[in-house]
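Worksheet for the structure shown next.
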Amino acid sequence: MADKFTVHECLNLLKKLFEKPQITSLTITKPAYIKLMAFINLIGDYEISGFGRIQDGKVTDFAILEQEVRGAYVECSDDAVAAFMLRIPEDQVNEWTLDWHSHVMMSTSPSSTDWNNYEEMCSARGNAQFPFMIVNKKQEVTAMQYISENRHPAIEMSVEATDISAEEITEIYNQCKEEIEKYCTKYTYVIKDTKKKEETKSNSSITYSNKYGYSYQHYGNRNWWDAYDEDEIYPSSKSKKTSKYVDEYEEWDTVREKQKDMDEDLDKDEPIIECQYCGVELDETNPFEMYYQCCEDCFEDLVHSQGSV
Amino acid sequence: MCDFDAINEALNSEERQTIDVKIVRLGGQDVQTIEAGMTVADFKAKYGLEGTKLVSAEGDILRNSDVLREDMKVFVSTPKKNG
């Protein structure tokens, strides 16, 4: 059965079919690119999201807004987006059009979550087309001009070849660090390992959970930029539990119960547990691997192939 | 015989029935002429903004029952979710 559209909606759909992309190529200024890389590397193994300022075909600045960051998901509330719009000078509102976010070390292809949000963003922008960009720590970039659900031509991206001093880079780095402290909340669980009877610490065993119903550890890889002290930016007090996340905590409780049961079984005869996909021996202290009977590498491959992240 | 006074009065009263509201969106802003007394809910329905939140220039969230006022500046916001 055909969808029912009002005349206004029909005209909008028709307009979208004829609309030409307003942007086909973009150049990022070097300071802006350094800022973008600083954001995505300083945040560590988490995604980060924001907007970019476009002036005369050049991306001249990147900014972040209040957000909750996770390993495979990042969310800015409508209040945060409104606060961002109120924060920028009024004469710049039409310049902060670029929608960007990072995918840590994963592919920069848009996920289903991204596509859904681009459609919502397009409506909120009065059905106006807009550019979006997804980047990762490997400096891979996917940029497209979102016109409609079925039309999103690629944008050719380049970085301006200009000189930049070490002082400028340090200044950008410090600014990004401050902004991340101010606007980003890390969504973390500090869990107790039932086997070792000792509390696990952040870098080695933070367990991230997301809305898709699975939890995992050590997502992404560390790289040269991760030398900063994570605790300096994110004191442990940032971990939070609000009513919004009760379901996920309950879900985690279930995971922990299962883990506890597995630990008890292991204590009995201590069999070697192998990944059901590649056969590699699993880390029995890793609740994620124990729960899914699957190593993290295979899990990432599965997520890639299913496109659910 | 045409009653010009009545027509003028009607036109004037019609003018008074519309107000201008400034709509600020990411990527642009425009002035929208709407019916006086239009509520936020009606405005959202008319302009396809059901999934959005409207915020005043003072940063206050506009409720569906709020009435839009002349020369009001309204920010259209929606959550930004990426994965």
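FYI, nothing fancy with the structure tokens labels: chains A, B, ... in order, residues from 1 per chain, ligands from 1 as they appear.
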* Can you check which residues of chain B have any atom within 12 Å of chain A? Use only C-alpha atoms and format it as a ChimeraX atom specification. => /B:22-30,32,44,46-62,73-83
* To do: For Ser65 in chain B, list every protein, DNA or RNA residue within 10 Å, evaluated using only C-alpha atoms, and leave out those in the same chain fewer than 2 positions away; present the list as a ChimeraX atom specification.
  => /B:38-42,62-63,67-68
Dump as a PDB file, in the first residue's frame, selection limited to N, CA, C and O atoms:
ATOM      1  N   MET B  38      -1.334  31.172  17.562  1.00  0.00           N
ATOM      2  CA  MET B  38      -0.965  29.787  17.229  1.00  0.00           C
ATOM      3  C   MET B  38      -0.105  29.197  18.366  1.00  0.00           C
ATOM      4  O   MET B  38       0.814  29.840  18.856  1.00  0.00           O
ATOM      5  N   THR B  39      -0.452  27.998  18.745  1.00  0.00           N
ATOM      6  CA  THR B  39       0.308  27.352  19.814  1.00  0.00           C
ATOM      7  C   THR B  39       1.532  26.638  19.221  1.00  0.00           C
ATOM      8  O   THR B  39       1.601  26.411  18.000  1.00  0.00           O
ATOM      9  N   VAL B  40       2.421  26.264  20.091  1.00  0.00           N
ATOM     10  CA  VAL B  40       3.627  25.557  19.654  1.00  0.00           C
ATOM     11  C   VAL B  40       3.252  24.236  18.981  1.00  0.00           C
ATOM     12  O   VAL B  40       3.805  23.875  17.941  1.00  0.00           O
ATOM     13  N   ALA B  41       2.260  23.546  19.551  1.00  0.00           N
ATOM     14  CA  ALA B  41       1.825  22.260  18.983  1.00  0.00           C
ATOM     15  C   ALA B  41       1.297  22.447  17.564  1.00  0.00           C
ATOM     16  O   ALA B  41       1.648  21.668  16.649  1.00  0.00           O
ATOM     17  N   ASP B  42       0.475  23.484  17.366  1.00  0.00           N
ATOM     18  CA  ASP B  42      -0.074  23.757  16.025  1.00  0.00           C
ATOM     19  C   ASP B  42       1.048  24.113  15.053  1.00  0.00           C
ATOM     20  O   ASP B  42       1.055  23.698  13.897  1.00  0.00           O
ATOM     21  N   LEU B  62       9.954  25.609  24.957  1.00  0.00           N
ATOM     22  CA  LEU B  62       8.556  25.994  24.735  1.00  0.00           C
ATOM     23  C   LEU B  62       7.676  24.752  24.806  1.00  0.00           C
ATOM     24  O   LEU B  62       7.940  23.753  24.142  1.00  0.00           O
ATOM     25  N   ARG B  63       6.631  24.860  25.616  1.00  0.00           N
ATOM     26  CA  ARG B  63       5.704  23.733  25.752  1.00  0.00           C
ATOM     27  C   ARG B  63       4.699  23.767  24.611  1.00  0.00           C
ATOM     28  O   ARG B  63       4.464  24.819  24.015  1.00  0.00           O
ATOM     29  N   VAL B  67       1.836  29.819  23.529  1.00  0.00           N
ATOM     30  CA  VAL B  67       1.409  30.549  22.335  1.00  0.00           C
ATOM     31  C   VAL B  67       2.588  31.371  21.814  1.00  0.00           C
ATOM     32  O   VAL B  67       3.290  32.030  22.584  1.00  0.00           O
ATOM     33  N   LEU B  68       2.794  31.299  20.510  1.00  0.00           N
ATOM     34  CA  LEU B  68       3.904  32.052  19.914  1.00  0.00           C
ATOM     35  C   LEU B  68       3.531  33.528  19.845  1.00  0.00           C
ATOM     36  O   LEU B  68       2.386  33.879  19.514  1.00  0.00           O
TER      37      LEU B  68
END
* Structure fact -> CA of Lys177 in chain A to CA of Lys30 in chain A measures 18.2 Å
* Please return as a list in words: the residues of chain B that backbone DSSP assigns to helix (DSSP H, G or I). =>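 Matching residues for helix (DSSP H, G or I) in chain B are Phe4, Asp5, Ala6, Ile7, Asn8, Glu9, Ala10, Leu11, Asn12, Ser13, Glu14, Glu15, Arg16, Val40, Ala41, Asp42, Phe43, Lys44, Ala45 and Lys46 of chain B.
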Take the residues just selected and output them with N, CA and C atoms as an mmCIF file, in the first residue's frame.
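See result_24.cif below for the written result:
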data_model
loop_
_atom_site.group_PDB
_atom_site.id
_atom_site.type_symbol
_atom_site.label_atom_id
_atom_site.label_comp_id
_atom_site.auth_asym_id
_atom_site.auth_seq_id
_atom_site.Cartn_x
_atom_site.Cartn_y
_atom_site.Cartn_z
ATOM 1 N N PHE B 4 -16.156 50.317 0.945
ATOM 2 C CA PHE B 4 -14.690 50.301 1.095
ATOM 3 C C PHE B 4 -14.253 50.305 2.564
ATOM 4 N N ASP B 5 -15.037 50.988 3.366
ATOM 5 C CA ASP B 5 -14.685 51.034 4.793
ATOM 6 C C ASP B 5 -14.683 49.629 5.407
ATOM 7 N N ALA B 6 -15.680 48.875 5.029
ATOM 8 C CA ALA B 6 -15.799 47.508 5.570
ATOM 9 C C ALA B 6 -14.641 46.642 5.088
ATOM 10 N N ILE B 7 -14.311 46.864 3.782
ATOM 11 C CA ILE B 7 -13.200 46.056 3.232
ATOM 12 C C ILE B 7 -11.887 46.407 3.930
ATOM 13 N N ASN B 8 -11.666 47.711 4.096
ATOM 14 C CA ASN B 8 -10.436 48.144 4.783
ATOM 15 C C ASN B 8 -10.369 47.611 6.210
ATOM 16 N N GLU B 9 -11.496 47.663 6.849
ATOM 17 C CA GLU B 9 -11.542 47.197 8.240
ATOM 18 C C GLU B 9 -11.223 45.699 8.298
ATOM 19 N N ALA B 10 -11.820 44.985 7.324
ATOM 20 C CA ALA B 10 -11.572 43.534 7.271
ATOM 21 C C ALA B 10 -10.097 43.242 6.997
ATOM 22 N N LEU B 11 -9.533 44.014 6.054
ATOM 23 C CA LEU B 11 -8.117 43.803 5.728
ATOM 24 C C LEU B 11 -7.227 44.111 6.926
ATOM 25 N N ASN B 12 -7.561 45.213 7.627
ATOM 26 C CA ASN B 12 -6.768 45.575 8.806
ATOM 27 C C ASN B 12 -6.856 44.520 9.898
ATOM 28 N N SER B 13 -8.072 44.042 10.097
ATOM 29 C CA SER B 13 -8.243 43.040 11.150
ATOM 30 C C SER B 13 -7.505 41.747 10.770
ATOM 31 N N GLU B 14 -7.472 41.473 9.435
ATOM 32 C CA GLU B 14 -6.757 40.278 8.968
ATOM 33 C C GLU B 14 -5.252 40.424 9.210
ATOM 34 N N GLU B 15 -4.786 41.686 8.971
ATOM 35 C CA GLU B 15 -3.365 41.939 9.219
ATOM 36 C C GLU B 15 -3.016 41.690 10.676
ATOM 37 N N ARG B 16 -3.921 42.095 11.507
ATOM 38 C CA ARG B 16 -3.670 41.948 12.939
ATOM 39 C C ARG B 16 -3.684 40.474 13.360
ATOM 40 N N VAL B 40 2.421 26.264 20.091
ATOM 41 C CA VAL B 40 3.627 25.557 19.654
ATOM 42 C C VAL B 40 3.252 24.236 18.981
ATOM 43 N N ALA B 41 2.260 23.546 19.551
ATOM 44 C CA ALA B 41 1.825 22.260 18.983
ATOM 45 C C ALA B 41 1.297 22.447 17.564
ATOM 46 N N ASP B 42 0.475 23.484 17.366
ATOM 47 C CA ASP B 42 -0.074 23.757 16.025
ATOM 48 C C ASP B 42 1.048 24.113 15.053
ATOM 49 N N PHE B 43 1.974 24.904 15.550
ATOM 50 C CA PHE B 43 3.090 25.342 14.716
ATOM 51 C C PHE B 43 3.928 24.142 14.256
ATOM 52 N N LYS B 44 4.190 23.243 15.209
ATOM 53 C CA LYS B 44 4.982 22.052 14.880
ATOM 54 C C LYS B 44 4.255 21.193 13.845
ATOM 55 N N ALA B 45 2.948 21.035 14.043
ATOM 56 C CA ALA B 45 2.165 20.208 13.116
ATOM 57 C C ALA B 45 2.148 20.824 11.724
ATOM 58 N N LYS B 46 1.992 22.139 11.677
ATOM 59 C CA LYS B 46 1.878 22.813 10.381
ATOM 60 C C LYS B 46 3.189 22.770 9.595
#
